[in-house]
Structure formats: C-alpha cells, structure tokens
$ cat target.cif   # mmCIF, C-alpha atoms
data_my_file
#
loop_
_atom_site.label_atom_id
_atom_site.label_comp_id
_atom_site.auth_asym_id
_atom_site.auth_seq_id
_atom_site.Cartn_x
_atom_site.Cartn_y
_atom_site.Cartn_z
CA MET P 2 5.36 -107.82 -115.23
CA SER P 3 3.21 -105.33 -117.11
CA VAL P 4 0.29 -103.19 -115.99
CA ALA P 5 -1.30 -102.63 -119.39
CA TYR P 6 -2.09 -105.27 -122.00
CA ARG P 7 0.68 -105.73 -124.52
CA ALA P 8 0.80 -108.54 -127.04
CA VAL P 9 4.48 -109.19 -126.34
CA ASN P 10 6.74 -107.39 -123.89
CA TRP P 11 9.56 -107.16 -126.36
CA ASN P 12 13.04 -106.56 -125.13
CA ARG P 13 16.49 -107.21 -126.55
CA HIS P 14 16.76 -110.69 -125.05
CA LYS P 15 13.41 -111.79 -126.44
CA ARG P 16 14.33 -110.53 -129.91
CA ILE P 17 17.61 -112.45 -129.84
CA TYR P 18 15.85 -115.56 -128.51
CA ASP P 19 13.16 -115.40 -131.20
CA GLY P 20 15.79 -114.79 -133.87
CA VAL P 21 17.63 -117.93 -132.75
CA ILE P 22 14.35 -119.91 -132.87
CA ALA P 23 13.54 -118.68 -136.40
CA LEU P 24 17.06 -119.41 -137.64
CA GLY P 25 17.01 -122.81 -135.97
CA VAL P 26 13.71 -123.78 -137.62
CA VAL P 27 14.77 -122.62 -141.09
CA GLY P 28 18.21 -124.22 -140.69
CA TYR P 29 16.74 -127.52 -139.51
CA ILE P 30 14.25 -127.74 -142.37
CA ALA P 31 16.92 -126.84 -144.93
CA ALA P 32 19.37 -129.38 -143.48
CA PHE P 33 16.69 -132.08 -143.30
CA TYR P 34 15.65 -131.41 -146.89
CA GLY P 35 19.24 -131.43 -148.13
CA ALA P 36 20.20 -134.60 -146.25
CA GLY P 37 16.92 -136.27 -147.25
CA ARG P 38 17.48 -135.42 -150.89
CA LEU P 39 20.93 -137.02 -150.77
CA ALA P 40 19.93 -140.09 -148.76
CA PHE P 41 16.58 -140.72 -150.48
CA PRO P 42 16.85 -139.43 -154.07
CA ARG P 43 13.44 -140.92 -154.95
CA ALA P 44 11.58 -139.11 -152.17
CA THR P 45 9.25 -136.37 -153.35
CA ASP P 46 9.64 -132.76 -152.26
CA GLU P 47 6.27 -132.92 -150.50
CA THR P 48 7.26 -135.97 -148.46
CA LEU P 49 10.57 -134.42 -147.44
CA LEU P 50 8.87 -131.16 -146.44
CA ILE P 51 6.17 -132.94 -144.43
CA ARG P 52 8.75 -135.02 -142.60
CA ALA P 53 11.05 -132.05 -142.04
CA LEU P 54 8.22 -130.04 -140.46
CA GLY P 55 6.98 -133.00 -138.41
CA THR P 56 10.39 -133.92 -137.01
CA CYS P 57 11.19 -130.25 -136.41
CA ALA P 58 8.01 -129.79 -134.34
CA PHE P 59 8.78 -132.97 -132.38
CA VAL P 60 12.35 -131.88 -131.67
CA MET P 61 11.09 -128.44 -130.61
CA LEU P 62 8.54 -129.97 -128.24
CA THR P 63 11.26 -132.21 -126.79
CA VAL P 64 13.39 -129.12 -126.16
CA VAL P 65 10.43 -127.20 -124.66
CA LEU P 66 9.78 -130.05 -122.25
CA CYS P 67 13.44 -130.39 -121.30
CA ILE P 68 13.86 -126.70 -120.41
CA GLY P 69 11.75 -126.92 -117.25
CA PRO P 70 13.67 -129.74 -115.52
CA LEU P 71 17.02 -128.44 -116.80
CA ALA P 72 16.32 -125.06 -115.16
CA ARG P 73 15.39 -126.90 -111.96
CA LEU P 74 18.63 -128.90 -112.06
CA ASP P 75 20.87 -125.94 -112.97
CA THR P 76 19.70 -122.39 -112.27
CA ARG P 77 22.09 -121.01 -114.91
CA LEU P 78 19.56 -122.26 -117.48
CA SER P 79 16.70 -120.24 -115.96
CA PRO P 80 16.82 -117.61 -118.77
CA LEU P 81 15.58 -120.34 -121.12
CA LEU P 82 12.58 -120.79 -118.85
CA TYR P 83 11.89 -117.06 -119.00
CA ASN P 84 11.59 -117.25 -122.79
CA ARG P 85 10.04 -120.71 -123.11
CA ARG P 86 6.58 -119.53 -124.16
CA HIS P 87 7.78 -118.18 -127.50
CA LEU P 88 9.37 -121.55 -128.28
CA GLY P 89 6.09 -123.27 -127.40
CA VAL P 90 4.08 -121.05 -129.74
CA ALA P 91 6.67 -121.58 -132.49
CA THR P 92 6.33 -125.34 -131.96
CA PHE P 93 2.59 -125.09 -132.55
CA VAL P 94 3.12 -123.07 -135.75
CA VAL P 95 5.56 -125.66 -137.15
CA ALA P 96 3.24 -128.53 -136.12
CA LEU P 97 0.32 -126.74 -137.80
CA ALA P 98 2.35 -126.39 -141.00
CA HIS P 99 3.13 -130.14 -140.84
CA ALA P 100 -0.58 -130.95 -140.39
CA ALA P 101 -1.68 -128.57 -143.14
CA PHE P 102 0.78 -129.96 -145.71
CA THR P 103 -0.11 -133.53 -144.73
CA ILE P 104 -3.85 -132.96 -145.09
CA PHE P 105 -3.34 -131.17 -148.38
CA GLN P 106 -1.06 -133.89 -149.71
CA TYR P 107 -2.98 -136.98 -148.60
CA HIS P 108 -6.57 -135.93 -147.98
CA ALA P 109 -7.44 -132.92 -150.11
CA MET P 110 -7.31 -134.42 -153.60
CA GLY P 111 -10.53 -136.46 -153.46
CA ASP P 112 -14.24 -135.70 -153.31
CA VAL P 113 -14.40 -136.09 -149.56
CA ASN P 114 -13.94 -133.21 -147.18
CA PRO P 115 -10.26 -133.35 -146.14
CA LEU P 116 -11.06 -133.45 -142.41
CA VAL P 117 -13.69 -136.15 -142.93
CA SER P 118 -11.17 -138.09 -144.99
CA LEU P 119 -8.57 -137.68 -142.23
CA LEU P 120 -10.88 -139.00 -139.57
CA ALA P 121 -12.88 -141.56 -141.56
CA SER P 122 -10.48 -143.08 -144.10
CA ASN P 123 -8.96 -145.40 -141.51
CA THR P 124 -10.96 -146.63 -138.54
CA SER P 125 -8.80 -149.61 -137.56
CA TYR P 126 -8.57 -148.53 -133.93
CA GLY P 127 -8.32 -152.18 -132.83
CA SER P 128 -5.12 -152.84 -134.78
CA LEU P 129 -1.76 -151.66 -133.54
CA PRO P 130 0.14 -151.65 -136.88
CA ASP P 131 -2.83 -150.16 -138.77
CA PHE P 132 -3.87 -147.75 -136.04
CA PRO P 133 -5.06 -144.37 -137.44
CA PHE P 134 -2.10 -142.49 -136.04
CA GLU P 135 -3.24 -139.27 -137.71
CA THR P 136 -5.96 -138.94 -135.08
CA LEU P 137 -3.34 -138.91 -132.31
CA GLY P 138 -1.48 -136.10 -134.05
CA LEU P 139 -4.72 -134.15 -134.54
CA VAL P 140 -5.63 -134.36 -130.83
CA ALA P 141 -2.09 -133.29 -129.89
CA LEU P 142 -2.36 -130.37 -132.33
CA VAL P 143 -5.62 -129.26 -130.71
CA ILE P 144 -3.91 -129.30 -127.29
CA LEU P 145 -0.96 -127.31 -128.64
CA PHE P 146 -3.41 -124.83 -130.20
CA LEU P 147 -5.23 -124.31 -126.90
CA MET P 148 -1.91 -123.76 -125.16
CA ALA P 149 -0.59 -121.36 -127.81
CA ALA P 150 -3.87 -119.43 -127.89
CA THR P 151 -3.90 -119.00 -124.11
CA SER P 152 -0.17 -118.50 -123.64
CA HIS P 153 -0.46 -114.77 -122.94
CA ASP P 154 -0.63 -113.53 -119.34
CA PHE P 155 -4.01 -111.98 -120.24
CA TRP P 156 -5.47 -115.50 -120.13
CA LEU P 157 -3.48 -116.47 -117.09
CA ALA P 158 -5.02 -113.55 -115.19
CA ASN P 159 -8.53 -114.22 -116.45
CA VAL P 160 -8.84 -117.98 -116.03
CA SER P 161 -6.79 -117.93 -112.76
CA PRO P 162 -3.25 -119.30 -112.43
CA ARG P 163 -4.51 -122.65 -111.16
CA TRP P 164 -6.68 -123.41 -114.21
CA TRP P 165 -4.13 -121.94 -116.59
CA LYS P 166 -1.43 -124.19 -115.18
CA THR P 167 -3.74 -127.21 -115.31
CA LEU P 168 -4.49 -126.49 -118.97
CA HIS P 169 -0.81 -126.09 -119.78
CA MET P 170 0.07 -129.31 -117.99
CA CYS P 171 -1.83 -130.99 -120.87
CA VAL P 172 1.41 -130.62 -122.83
CA TYR P 173 2.52 -133.88 -121.19
CA GLY P 174 -0.53 -135.58 -122.74
CA ALA P 175 0.25 -133.94 -126.08
CA TYR P 176 3.82 -135.25 -125.92
CA ALA P 177 2.63 -138.78 -125.12
CA LEU P 178 0.17 -138.61 -128.04
CA LEU P 179 2.92 -137.42 -130.39
CA VAL P 180 5.28 -140.19 -129.32
CA MET P 181 2.60 -142.71 -130.23
CA HIS P 182 1.77 -140.71 -133.40
CA VAL P 183 5.37 -141.25 -134.51
CA ALA P 184 5.59 -144.85 -133.26
CA LEU P 185 2.35 -145.93 -134.95
CA GLY P 186 2.89 -143.82 -138.07
CA PHE P 187 6.43 -143.18 -139.21
CA LEU P 188 7.96 -146.18 -137.42
CA GLN P 189 5.47 -148.52 -139.11
CA GLN P 190 6.72 -147.48 -142.54
CA GLU P 191 10.45 -147.12 -141.85
CA THR P 192 12.24 -150.25 -140.73
CA SER P 193 15.63 -148.76 -139.86
CA PRO P 194 16.26 -149.20 -136.11
CA LEU P 195 17.86 -145.73 -136.09
CA TYR P 196 14.47 -144.00 -136.02
CA ALA P 197 13.18 -146.12 -133.15
CA TRP P 198 16.37 -145.33 -131.21
CA LEU P 199 15.99 -141.61 -131.88
CA LEU P 200 12.39 -141.68 -130.63
CA GLY P 201 13.50 -143.69 -127.60
CA ALA P 202 16.25 -141.13 -126.93
CA SER P 203 13.68 -138.31 -126.92
CA VAL P 204 11.46 -140.20 -124.49
CA ALA P 205 14.42 -141.09 -122.26
CA CYS P 206 15.62 -137.50 -122.28
CA VAL P 207 12.25 -135.91 -121.44
CA VAL P 208 11.11 -138.49 -118.91
CA GLY P 209 14.57 -138.93 -117.34
CA LEU P 210 15.10 -135.19 -116.82
CA HIS P 211 11.65 -134.76 -115.29
CA LEU P 212 12.17 -137.69 -112.95
CA ALA P 213 15.62 -136.41 -111.96
CA ALA P 214 14.32 -132.90 -111.29
CA GLY P 215 11.28 -134.23 -109.43
CA LEU P 216 13.32 -136.55 -107.22
CA ARG P 217 15.83 -133.80 -106.49
CA GLN P 218 13.04 -131.42 -105.54
CA ARG P 219 11.49 -134.07 -103.31
CA GLY P 220 14.87 -134.33 -101.55
CA ARG P 221 14.95 -130.55 -101.10
CA ASP P 222 11.41 -130.55 -99.71
CA ARG P 223 12.35 -133.28 -97.27
CA ALA P 224 15.48 -131.42 -96.20
CA ALA P 225 13.37 -128.28 -95.67
CA ARG P 226 10.71 -130.09 -93.66
CA ALA P 227 10.29 -128.79 -90.14
CA GLU P 228 7.91 -130.00 -87.45
CA PRO P 229 6.02 -127.68 -85.08
CA ALA P 230 7.49 -127.86 -81.59
CA GLY P 231 5.87 -126.62 -78.42
CA ALA P 232 2.35 -125.50 -77.58
CA ASP P 233 2.59 -122.34 -79.73
CA GLY P 234 2.96 -124.45 -82.90
CA LEU P 235 6.06 -122.59 -84.11
CA VAL P 236 8.62 -124.38 -86.25
CA ASP P 237 12.35 -123.94 -85.91
CA ALA P 238 13.73 -122.82 -89.29
CA GLY P 239 17.40 -122.86 -88.25
CA PRO P 240 19.98 -120.15 -87.57
CA ALA P 241 18.99 -116.71 -88.85
CA LEU P 242 22.52 -115.71 -89.83
CA ASP P 243 22.91 -118.76 -92.06
CA ILE P 244 20.49 -117.15 -94.51
CA PRO P 245 22.56 -114.98 -96.88
CA PRO P 246 21.46 -111.33 -97.09
CA ASP P 247 18.73 -110.76 -99.72
CA ARG P 248 18.26 -114.50 -100.08
CA ALA P 249 15.89 -117.04 -98.58
CA ARG P 250 15.62 -120.39 -96.88
CA LEU P 251 12.86 -122.85 -97.84
CA VAL P 252 10.83 -124.30 -94.99
CA CYS P 253 8.13 -126.97 -95.47
CA ALA P 254 5.78 -127.28 -92.51
CA ALA P 255 2.14 -128.27 -92.03
CA GLY P 256 1.67 -128.68 -95.78
CA GLU P 257 2.91 -125.14 -96.43
CA SER P 258 5.93 -124.24 -98.51
CA ILE P 259 7.40 -121.11 -96.93
CA ALA P 260 10.21 -118.82 -98.11
CA VAL P 261 12.00 -117.02 -95.25
CA PHE P 262 13.78 -113.98 -96.65
CA ARG P 263 16.55 -111.98 -95.01
CA HIS P 264 16.32 -108.40 -96.22
CA GLY P 265 16.55 -104.76 -95.25
CA GLU P 266 19.57 -102.60 -94.57
CA GLY P 267 22.43 -104.76 -93.36
CA GLY P 268 20.31 -107.87 -93.76
CA ARG P 269 18.76 -107.35 -90.34
CA ARG P 270 15.17 -108.22 -91.12
CA LEU P 271 13.36 -111.50 -91.69
CA SER P 272 10.02 -112.02 -93.39
CA ALA P 273 8.20 -115.19 -94.40
CA ILE P 274 5.86 -115.50 -97.38
CA SER P 275 4.50 -118.36 -99.47
CA ASN P 276 7.15 -120.00 -101.64
CA VAL P 277 4.66 -120.30 -104.52
CA CYS P 278 4.64 -117.35 -106.92
CA ALA P 279 1.13 -116.15 -107.85
CA HIS P 280 2.11 -116.04 -111.52
CA GLN P 281 3.05 -119.60 -112.43
CA GLY P 282 3.94 -121.22 -109.13
CA GLY P 283 7.64 -120.39 -109.36
CA PRO P 284 9.90 -121.15 -106.35
CA LEU P 285 10.35 -117.77 -104.65
CA ALA P 286 12.86 -119.17 -102.15
CA GLU P 287 15.25 -119.58 -105.09
CA GLY P 288 14.86 -115.91 -105.97
CA LYS P 289 16.43 -112.88 -104.33
CA VAL P 290 15.54 -109.44 -103.03
CA VAL P 291 15.94 -106.80 -105.75
CA ASP P 292 15.30 -103.14 -104.90
CA GLY P 293 13.57 -104.20 -101.70
CA CYS P 294 11.23 -106.64 -103.46
CA ILE P 295 11.31 -110.44 -103.44
CA THR P 296 11.80 -111.35 -107.10
CA CYS P 297 10.67 -114.67 -108.60
CA PRO P 298 13.52 -116.45 -110.42
CA TRP P 299 11.19 -117.63 -113.21
CA HIS P 300 9.57 -114.51 -114.67
CA GLY P 301 10.58 -111.67 -112.35
CA TYR P 302 7.27 -111.18 -110.51
CA GLN P 303 7.92 -109.10 -107.38
CA TYR P 304 6.48 -108.96 -103.85
CA LEU P 305 7.06 -106.78 -100.80
CA PRO P 306 8.52 -108.95 -98.00
CA GLU P 307 6.33 -107.47 -95.24
CA THR P 308 2.97 -107.86 -96.98
CA GLY P 309 3.42 -110.48 -99.71
CA GLN P 310 1.84 -107.95 -102.11
CA SER P 311 3.23 -106.90 -105.44
CA PRO P 312 4.26 -103.24 -105.37
CA PRO P 313 1.56 -100.88 -106.72
CA PRO P 314 0.04 -100.80 -109.28
CA PHE P 315 0.32 -104.60 -109.42
CA THR P 316 -2.25 -106.57 -107.45
CA GLU P 317 -0.79 -110.06 -106.83
CA LYS P 318 -0.90 -111.18 -103.21
CA LEU P 319 0.70 -114.08 -101.36
CA LYS P 320 0.13 -115.64 -97.96
CA THR P 321 2.36 -114.32 -95.19
CA TYR P 322 3.56 -116.01 -91.99
CA ARG P 323 4.44 -114.72 -88.55
CA VAL P 324 8.14 -114.98 -87.89
CA ARG P 325 10.42 -114.15 -84.97
CA VAL P 326 14.01 -114.72 -83.90
CA GLU P 327 14.90 -116.28 -80.56
CA ARG P 328 18.50 -116.95 -79.52
CA GLY P 329 19.58 -116.48 -83.13
CA ARG P 330 17.15 -119.05 -84.52
CA VAL P 331 14.22 -118.36 -86.83
CA LEU P 332 10.81 -119.43 -85.54
CA ILE P 333 7.85 -119.49 -87.94
CA ASP P 334 4.15 -119.95 -87.38
CA PRO P 335 3.13 -122.24 -90.30
CA ARG P 336 -0.51 -121.15 -90.04
CA PRO P 337 -0.83 -118.75 -93.01
CA ASN P 338 -2.27 -115.26 -92.85
CA PRO P 339 -4.69 -114.28 -95.63
CA PRO P 340 -2.82 -113.18 -98.78
CA GLY P 341 -1.50 -109.65 -98.52
CA THR P 342 -1.63 -109.46 -94.72
CA ARG P 343 1.09 -107.22 -93.31
CA VAL P 344 3.43 -108.92 -90.84
CA GLU P 345 6.07 -106.89 -89.06
CA PRO P 346 9.50 -108.34 -89.99
CA ALA P 347 11.55 -109.99 -87.26
CA THR P 348 14.84 -108.30 -86.44
CA ILE P 349 18.18 -110.04 -86.20
CA GLU P 350 19.98 -108.54 -83.26
CA HIS P 351 23.58 -109.05 -84.33
CA PRO P 352 23.80 -109.46 -88.08
CA GLU P 353 27.02 -110.22 -89.87
CA GLY P 354 29.41 -107.35 -89.88
CA ALA P 355 27.69 -105.55 -86.99
CA PRO P 356 29.78 -104.95 -83.90
CA THR P 357 28.98 -107.41 -81.10
CA PRO P 358 28.55 -105.72 -77.72
CA MET M 5 4.45 -125.39 -106.83
CA THR M 6 3.41 -126.68 -103.44
CA PRO M 7 4.87 -129.98 -102.20
CA ALA M 8 1.51 -131.64 -102.96
CA GLN M 9 1.58 -130.38 -106.56
CA ARG M 10 5.16 -131.57 -106.90
CA ARG M 11 4.16 -135.05 -105.73
CA THR M 12 1.36 -135.15 -108.35
CA HIS M 13 3.83 -133.97 -110.96
CA LEU M 14 6.29 -136.70 -110.05
CA ARG M 15 3.58 -139.38 -110.16
CA VAL M 16 2.55 -138.28 -113.66
CA TRP M 17 6.13 -138.62 -114.88
CA ILE M 18 6.59 -141.99 -113.22
CA ALA M 19 3.44 -143.16 -115.04
CA LEU M 20 4.77 -141.78 -118.34
CA ALA M 21 8.16 -143.39 -117.69
CA ILE M 22 6.39 -146.74 -117.54
CA LEU M 23 3.76 -146.29 -120.25
CA LEU M 24 5.66 -144.49 -123.01
CA PRO M 25 8.46 -147.09 -123.43
CA ILE M 26 5.84 -149.85 -123.38
CA GLY M 27 3.88 -148.04 -126.11
CA VAL M 28 6.91 -147.45 -128.31
CA VAL M 29 8.23 -151.01 -127.94
CA ALA M 30 4.76 -152.46 -128.63
CA ALA M 31 4.44 -150.30 -131.75
CA VAL M 32 7.88 -151.34 -133.01
CA LEU M 33 7.24 -155.02 -132.36
CA ALA M 34 3.86 -154.86 -134.07
CA ARG M 35 5.05 -153.30 -137.30
CA ARG M 36 4.83 -155.31 -140.45
CA GLY M 37 7.29 -153.52 -142.65
CA PRO M 38 7.27 -150.84 -145.34
CA THR M 39 4.40 -152.25 -147.38
CA ALA M 40 2.02 -152.89 -144.51
CA ARG M 41 0.07 -149.67 -144.78
CA PRO M 42 -1.19 -147.97 -147.91
CA PRO M 43 -0.22 -144.34 -148.05
CA ALA M 44 -2.53 -142.23 -145.95
CA GLY M 45 -5.58 -140.97 -147.79
CA HIS M 46 -5.53 -143.60 -150.50
CA ALA M 47 -8.21 -145.51 -148.64
CA ALA M 48 -10.61 -142.57 -148.79
CA PRO M 49 -14.14 -143.62 -149.83
CA ALA M 50 -14.84 -143.40 -153.51
CA ALA M 51 -17.38 -140.93 -154.81
CA PRO M 52 -20.91 -142.34 -154.28
CA ASP M 53 -21.94 -142.10 -157.93
CA GLY M 54 -18.91 -143.98 -159.13
CA GLU M 55 -17.35 -140.89 -160.51
CA ALA M 56 -13.63 -141.16 -160.93
CA PRO M 57 -11.64 -139.36 -158.25
CA ARG M 58 -10.28 -136.00 -159.29
#
$ encode --input "target.cif" --output "structure tokens"
Amino acid sequence: MSVAYRAVNWNRHKRIYDGVIALGVVGYIAAFYGAGRLAFPRATDETLLIRALGTCAFVMLTVVLCIGPLARLDTRLSPLLYNRRHLGVATFVVALAHAAFTIFQYHAMGDVNPLVSLLASNTSYGSLPDFPFETLGLVALVILFLMAATSHDFWLANVSPRWWKTLHMCVYGAYALLVMHVALGFLQQETSPLYAWLLGASVACVVGLHLAAGLRQRGRDRAARAEPAGADGLVDAGPALDIPPDRARLVCAAGESIAVFRHGEGGRRLSAISNVCAHQGGPLAEGKVVDGCITCPWHGYQYLPETGQSPPPFTEKLKTYRVRVERGRVLIDPRPNPPGTRVEPATIEHPEGAPTP
Amino acid sequence: MTPAQRRTHLRVWIALAILLPIGVVAAVLARRGPTARPPAGHAAPAAPDGEAPR
C-alpha cells in the first residue's frame, strides 16, 4: 500500500524478481536463437528473432496465467502473485517487440502502409488454413497494451476495482486469441507434431490449473456455507476456539463471503468483515492479523478488524458483520453493515491458555 | 472474489476448456502443409501505377 503516487514501489524482492525476468527473457531468446541456428541452418536471423520473441511472449503469458491458480492451490507460491504485474508488463513488451519485428519484416517493405498491409493483405476470414492469423495477434496485443497501461494502482483506484478487474479479466480472451494465432499461423507452416503438442500442453496447463483451482475453491465455499437458523437470522459459524489466534474462518451465508477473525490480546476477540479485499478481491480469510490489522495475503492491504477500514491515512473500507459468541460458538448476522461501520468485537470467555474457573 | 464471481470465473474456464482444444485440433486438421500459405506480406497489393515494389 502507498499513500502517494509512485511509479513502482521498489523493494529488494521486486528488484530480484525483475532481474530474474530480464535474465530469463534474454536467456530464452539467446537459447532459442542458438538452438534454431543449429537445427535450421537455412533460417534467417530475422525469422529466428521473430519466432524467439513470439514464443517467449507466449511462454511468459502461460506462466502469468498459471501463477494465479498455483497460488490458490499452494499458498507458498503467493509471493509470485504479489509480483505478477511486472511479469505481465514484461510479457507485453516482448509481444510488442515480436509484432514490431514482424510488421517491419513482412509489411514495411512495400508501398502500402504497414498497418494497412497487415490488415488488408489477407482477408480470407472464411478459410481456416488461410485465416489471417495476424489479426488475432494484433487484437491480443491491444488487450495486453490496455492491461499493461492500466496495471498501476493509480488506475485501479480511479476506474474502481470492479471495472479494473473486469478489464484485466480480458487476459483470458487475449490468451484464447493467441492460442488461435499460433494454431492458425505457425502450426499451418510447420508440420512437426511437436509444436502442436507443445501448444496443447500450454492449453492443458492453463485451463487445467484454473479448473482445478476453481473446483477446489467451490468445495471450500460449500464447506463454509452456513444457513441462518432461528428468527434472528444468525448463522452458526462453529466453535470460536477452533479459529487459530490471528487467523480467520471463512463463512458463506446469504450470498455473503465473510471472514471471521480471532484477534486481540490472547486471541480473545472476534470480528467479522467481508472476505473480499477492496484492492483486487483477494481472500482475506486466508490472510492473518499483523500488528493488529487484517492483512490480505495477495498484496498486503490492511484493515482494522472492528471497522473494516484501512488504518489512516488509507481510505479503503469493507462491509462488517455483527458477531457474538454463545456457548463457545460463533454466531454471525449475515446482513452486512455499510462499509466501514464499527462493530464491537465479540469476546471469547475462556480462550486457550486462560485459566478456567 | 465473491462466490458468485467465482462461479462466473469457473464457467469461463469450463467454456475455454471446451473451445480451445476444439480450435487447436480444427486448425491442425485443416492445415495443408508448409507450402500452403505464401509468406505473410507477399500478397500485399501492388502499387496502383504499376511501379515496381521497392
């Protein structure tokens, strides 16, 4: 989190991460060029460079898309999620270099404007093997540009998290376009089944991981589902002492996703706030209480348990829920309070370690 | 994400899981081999006055 505008909140981890990305890109292109030179001695330097940049961007996008579900499946990979944006911007830069070299090589040597040539030299949209695959790559590049240009939190705050997330979900469309860009372009010219298998492996990896993470999360949501019981509409969220100190339990009730945190000195207090982080929708129930603040596991956004507000001078606010403890069980009112509403925490009478009378 | 957003997310990926393999397989089956397509850009329209391309 940052109060003032800064282009990049550099820290040691980000520098290391970006260094690894830069080395990875240079190493990949050098290895591709070297291997391509050996395997295809008649290939021109331009062709090898264009293909190296194109495959590098595709591999990078595959990795970008795999980070999200991998972090959902194994929280030890969450640091990759924290730094994913830089990899996404780097992917756009490599893809732009691929597009620029391609246009220069194949469309800039004639009398026709290169972009007009790109879009008008092949209009066989009704033919699968002759499909103008370049158009698919161009549309995907435009999507990647919009995402890279709006990747900073400045845009997230100004267009609202909901619209920002919707825009950035377009990366799935960009990936689908690029898969078909490769299938209708490169795979039409190269007959070796190896390339089709590699493309299929990327699709299987990305789609399989997302399905696995989605199905696992659906199972978690179902396990966390609680039904209101009684006239007061409260839901039973289970034993209070089963929630580890400074951690949370997820409760899904009445369409709300609620994180019930145990906090305070000796873990004696319980507060319930929305499970959806105001930043990028991160799962707060998977976070922990740090220095008295609920901390999102994705990007470290923080909220006070009693109010759902970020500590001053930050201004993010989340919905809060009334909570109380009866006979050692947590009861929650799933009807949300307006974001930032203070709710007095419930008190656990006999927390772990406390002497029982 | 809320449970509703997660459901939408999952539906999108189920749709992609069906459509992407179909697209790739269709593209592979439809290909005609290495000489099917002239190199990109070579089909660009000639100059209108018949001038030789640069």
$ closest_residue --input "target.cif" --among "P:Val324, P:Val60, P:Ile104, P:Ala184" --to "P:Val344" --atoms "all atoms listed in the file"
P:Val324
$ resolve_selection --input "target.cif" --expression "the PyMOL selection byres ((chain M and resi 28) around 8)" --output "list in words"
Val180, Met181, Ala184 and Gly201 of chain P; Leu24, Pro25, Ile26, Gly27, Val29, Ala30, Ala31 and Val32 of chain M
$ atom_distance --input "target.cif" --atom1 "atom CA of P:Gly341" --atom2 "atom CA of P:Thr321"
6.9 Å
$ residues_around --input "target.cif" --residues "P:Pro130" --least-positions-apart "2" --cutoff "6 Å" --atoms "all atoms listed in the file" --output "PyMOL selection string"
(chain P and resi 128+132) or (chain M and resi 34-35)
$ closest_residue --input "target.cif" --among "P:Pro306, P:Gly265, P:Gly329, P:Gly25" --to "P:Asp243" --atoms "all atoms listed in the file"
P:Gly329
$ resolve_selection --input "target.cif" --expression "the PyMOL selection byres ((chain P) within 9 of (chain M))" --output "PDB file with C-alpha atoms, keeping the file's coordinate frame"
ATOM      1  CA  ILE P 104      -3.850-132.960-145.090  1.00  0.00           C
ATOM      2  CA  GLN P 106      -1.060-133.890-149.710  1.00  0.00           C
ATOM      3  CA  TYR P 107      -2.980-136.980-148.600  1.00  0.00           C
ATOM      4  CA  HIS P 108      -6.570-135.930-147.980  1.00  0.00           C
ATOM      5  CA  ALA P 109      -7.440-132.920-150.110  1.00  0.00           C
ATOM      6  CA  MET P 110      -7.310-134.420-153.600  1.00  0.00           C
ATOM      7  CA  GLY P 111     -10.530-136.460-153.460  1.00  0.00           C
ATOM      8  CA  ASP P 112     -14.240-135.700-153.310  1.00  0.00           C
ATOM      9  CA  VAL P 113     -14.400-136.090-149.560  1.00  0.00           C
ATOM     10  CA  SER P 118     -11.170-138.090-144.990  1.00  0.00           C
ATOM     11  CA  LEU P 119      -8.570-137.680-142.230  1.00  0.00           C
ATOM     12  CA  ALA P 121     -12.880-141.560-141.560  1.00  0.00           C
ATOM     13  CA  SER P 122     -10.480-143.080-144.100  1.00  0.00           C
ATOM     14  CA  ASN P 123      -8.960-145.400-141.510  1.00  0.00           C
ATOM     15  CA  LEU P 129      -1.760-151.660-133.540  1.00  0.00           C
ATOM     16  CA  PRO P 130       0.140-151.650-136.880  1.00  0.00           C
ATOM     17  CA  ASP P 131      -2.830-150.160-138.770  1.00  0.00           C
ATOM     18  CA  GLU P 135      -3.240-139.270-137.710  1.00  0.00           C
ATOM     19  CA  TYR P 173       2.520-133.880-121.190  1.00  0.00           C
ATOM     20  CA  ALA P 177       2.630-138.780-125.120  1.00  0.00           C
ATOM     21  CA  VAL P 180       5.280-140.190-129.320  1.00  0.00           C
ATOM     22  CA  MET P 181       2.600-142.710-130.230  1.00  0.00           C
ATOM     23  CA  VAL P 183       5.370-141.250-134.510  1.00  0.00           C
ATOM     24  CA  ALA P 184       5.590-144.850-133.260  1.00  0.00           C
ATOM     25  CA  LEU P 185       2.350-145.930-134.950  1.00  0.00           C
ATOM     26  CA  LEU P 188       7.960-146.180-137.420  1.00  0.00           C
ATOM     27  CA  GLN P 189       5.470-148.520-139.110  1.00  0.00           C
ATOM     28  CA  GLN P 190       6.720-147.480-142.540  1.00  0.00           C
ATOM     29  CA  GLU P 191      10.450-147.120-141.850  1.00  0.00           C
ATOM     30  CA  THR P 192      12.240-150.250-140.730  1.00  0.00           C
ATOM     31  CA  ALA P 197      13.180-146.120-133.150  1.00  0.00           C
ATOM     32  CA  LEU P 200      12.390-141.680-130.630  1.00  0.00           C
ATOM     33  CA  GLY P 201      13.500-143.690-127.600  1.00  0.00           C
ATOM     34  CA  VAL P 204      11.460-140.200-124.490  1.00  0.00           C
ATOM     35  CA  ALA P 205      14.420-141.090-122.260  1.00  0.00           C
ATOM     36  CA  VAL P 208      11.110-138.490-118.910  1.00  0.00           C
ATOM     37  CA  GLY P 209      14.570-138.930-117.340  1.00  0.00           C
ATOM     38  CA  HIS P 211      11.650-134.760-115.290  1.00  0.00           C
ATOM     39  CA  LEU P 212      12.170-137.690-112.950  1.00  0.00           C
ATOM     40  CA  ALA P 214      14.320-132.900-111.290  1.00  0.00           C
ATOM     41  CA  GLY P 215      11.280-134.230-109.430  1.00  0.00           C
ATOM     42  CA  LEU P 216      13.320-136.550-107.220  1.00  0.00           C
ATOM     43  CA  GLN P 218      13.040-131.420-105.540  1.00  0.00           C
ATOM     44  CA  ARG P 219      11.490-134.070-103.310  1.00  0.00           C
ATOM     45  CA  ASP P 222      11.410-130.550 -99.710  1.00  0.00           C
ATOM     46  CA  CYS P 253       8.130-126.970 -95.470  1.00  0.00           C
ATOM     47  CA  GLY P 256       1.670-128.680 -95.780  1.00  0.00           C
ATOM     48  CA  GLU P 257       2.910-125.140 -96.430  1.00  0.00           C
ATOM     49  CA  SER P 258       5.930-124.240 -98.510  1.00  0.00           C
ATOM     50  CA  ASN P 276       7.150-120.000-101.640  1.00  0.00           C
ATOM     51  CA  VAL P 277       4.660-120.300-104.520  1.00  0.00           C
ATOM     52  CA  CYS P 278       4.640-117.350-106.920  1.00  0.00           C
ATOM     53  CA  GLN P 281       3.050-119.600-112.430  1.00  0.00           C
ATOM     54  CA  GLY P 282       3.940-121.220-109.130  1.00  0.00           C
ATOM     55  CA  GLY P 283       7.640-120.390-109.360  1.00  0.00           C
ATOM     56  CA  PRO P 284       9.900-121.150-106.350  1.00  0.00           C
TER      57      PRO P 284
END
$ resolve_selection --input "target.cif" --expression "the PyMOL selection byres ((chain P and resi 288) around 12)" --output "ChimeraX atom specification"
/P:76,79,245-251,260-263,276-278,283-287,289-291,294-304
$ atom_distance --input "target.cif" --atom1 "atom CA of P:Ser275" --atom2 "atom CA of P:Gly239"
17.7 Å
$ atom_distance --input "target.cif" --atom1 "atom CA of P:Asp334" --atom2 "atom CA of P:Pro312"
24.6 Å
$ residues_around --input "target.cif" --residues "P:Gly138" --least-positions-apart "4" --cutoff "8 Å" --atoms "only C-alpha atoms" --output "list in words"
Phe134, Leu142, Leu178, Leu179 and His182 of chain P
$ closest_residue --input "target.cif" --among "P:Arg13, P:Arg330, P:Arg221, P:Arg343" --to "P:Ala241" --atoms "only C-alpha atoms"
P:Arg330
